Amino acid sequence: MKPFKKSTQSNIKAPRPEIAERVPPGQAVTDKFPVLTHGDIPSFNPKTWDFKLSGAVEKPVTLTYEKFMSLPKVQVTADFHCVTQWSRLNNVWEGVSISEVMKLITLKPEAKYVMMHADEGYTTNLPLKVLLDNDVLFAYKHDGKDLEPAHGWPLRLVVPKRYAWKSAKWVRGLEFMDQDYPGFWEVNGYHNDGDPFKEQRFS
């Protein structure tokens with residue numbers, strides 16, 4: 001297993017008292033946006049890029065990049081917590097909410113879990129109820145600028161209430177499932193749920 005490629009940073013600090021309740025146990029606050037990546041940064045071609053909704057759905061759906069980007073947009077301000085013990089607060093994400101994407105499909109009754117599929121074969125899993133939280137979105141902008149390729153351009157899933165590895169970079173689809181299966185990092189020792197306030201770092 002290749003390790004994360006990690007950026008250097010020197011401005012991580014303990015949270016101020018007025019924001020301490022927003023910072024999970026074992027975390028320190030940074031105003032940088034460190035890069036942690038498994039593998040190489042994939043190339044992006046808008047003419048061939050697609051996004052698939054599959055699995056326990058009445059009819060699978062495939063969206064082109066143009067179609068995905070034509071969906072209504074939202075802005076979400078949320079904190080972001082990495083399993084490597086840094087937190088970045090008040091991130092402004094822009095993109096397409098999970099609720100808009102879910103309008104495109106009809107789930108089968110047995111759908112209870114979701115596997116996120118991303119470029120380079122990366123996967124990560126979530127319970128359906130976690131994915132459907134009202135602050136989850138597919139982001140293409142961060143703090144008013146297009147996402148950098150190292151942070152997931154052209155599209156990153158953002159799941160604020162879970163450690164950042166659940167916010168899959170370069171996301172390309174959702175597979176709805178009747179049973180839970182571990183994704184890439186979950187197979188390699190990370191916690192299956194990844195709730196930062198419960199310090200669910202490792203299995």
# chains A, B, ... in the order shown; residues from 1 in each chain; ligands from 1
>>> select_by_dssp(residues="range 60-171 of chain A", states="strand (DSSP E or B)", output="PyMOL selection string")
chain A and resi 61-64+74-81+86-97+107+113-118+123-127+137-142+145-146+156-158+169+171
>>> residues_around(residues="Thr124 in chain A", least_positions_apart="4", cutoff="12 Å", atoms="only C-alpha atoms", output="number ranges by chain")
A: 113-119, 131, 157, 159, 162-169, 171-175, 180-188, 190-194
>>> closest_residue(among="A:Ala139, A:Ser54, A:Thr48, A:Gln179", to="Pro127 in chain A", atoms="only C-alpha atoms")
A:Gln179
>>> atom_distance(atom1="CA of Leu155 in chain A", atom2="CA of Thr84 in chain A")
22.4 Å
>>> closest_residue(among="A:Asp40, A:Asp135, A:Glu120, A:Glu18", to="Asp79 in chain A", atoms="only C-alpha atoms")
A:Asp135
>>> closest_residue(among="A:Gly39, A:Lys73, A:Phe33, A:Thr106", to="Val61 in chain A", atoms="only C-alpha atoms")
A:Thr106
>>> closest_residue(among="A:Met69, A:Val101, A:Ala111, A:Met177", to="Tyr140 in chain A", atoms="only C-alpha atoms")
A:Met69
>>> closest_residue(among="A:Leu36, A:Lys141, A:Gly189, A:Gly152", to="Ser203 in chain A", atoms="only C-alpha atoms")
A:Gly189
>>> atom_distance(atom1="CA of Pro154 in chain A", atom2="CA of Phe80 in chain A")
18.8 Å
>>> residues_around(residues="Glu66 in chain A", least_positions_apart="3", cutoff="9 Å", atoms="only C-alpha atoms", output="list in words")
Pro46, Lys47, Leu63, Met69 and Ser70 of chain A
>>> residues_around(residues="Pro72 in chain A", least_positions_apart="5", cutoff="12 Å", atoms="only C-alpha atoms", output="PDB file with C-alpha atoms, in the first residue's frame")
ATOM      1  CA  LYS A  67     -24.986  17.532 -17.893  1.00  0.00           C
ATOM      2  CA  GLU A  94     -19.573  25.273  -4.131  1.00  0.00           C
ATOM      3  CA  GLY A  95     -21.104  22.508  -6.178  1.00  0.00           C
ATOM      4  CA  VAL A  96     -24.117  20.249  -6.571  1.00  0.00           C
ATOM      5  CA  SER A  97     -25.962  19.027  -3.480  1.00  0.00           C
ATOM      6  CA  ILE A  98     -26.569  15.337  -2.952  1.00  0.00           C
ATOM      7  CA  SER A  99     -30.298  16.090  -2.935  1.00  0.00           C
ATOM      8  CA  GLU A 100     -30.114  17.327  -6.547  1.00  0.00           C
ATOM      9  CA  VAL A 101     -28.272  14.209  -7.657  1.00  0.00           C
ATOM     10  CA  LYS A 103     -33.600  13.522  -7.917  1.00  0.00           C
ATOM     11  CA  LEU A 137     -22.311  18.013  -1.888  1.00  0.00           C
ATOM     12  CA  PHE A 138     -20.193  17.368  -4.961  1.00  0.00           C
TER      13      PHE A 138
END
>>> atom_distance(atom1="CA of Phe176 in chain A", atom2="CA of Trp153 in chain A")
23.5 Å
>>> closest_residue(among="A:Ala150, A:Ile105, A:Ala20, A:Val35", to="Lys52 in chain A", atoms="only C-alpha atoms")
A:Ile105
>>> select_by_dssp(residues="range 9-194 of chain A", states="alpha helix (DSSP H)", output="PyMOL selection string")
chain A and resi 65-69+98-102+128-131+184-187
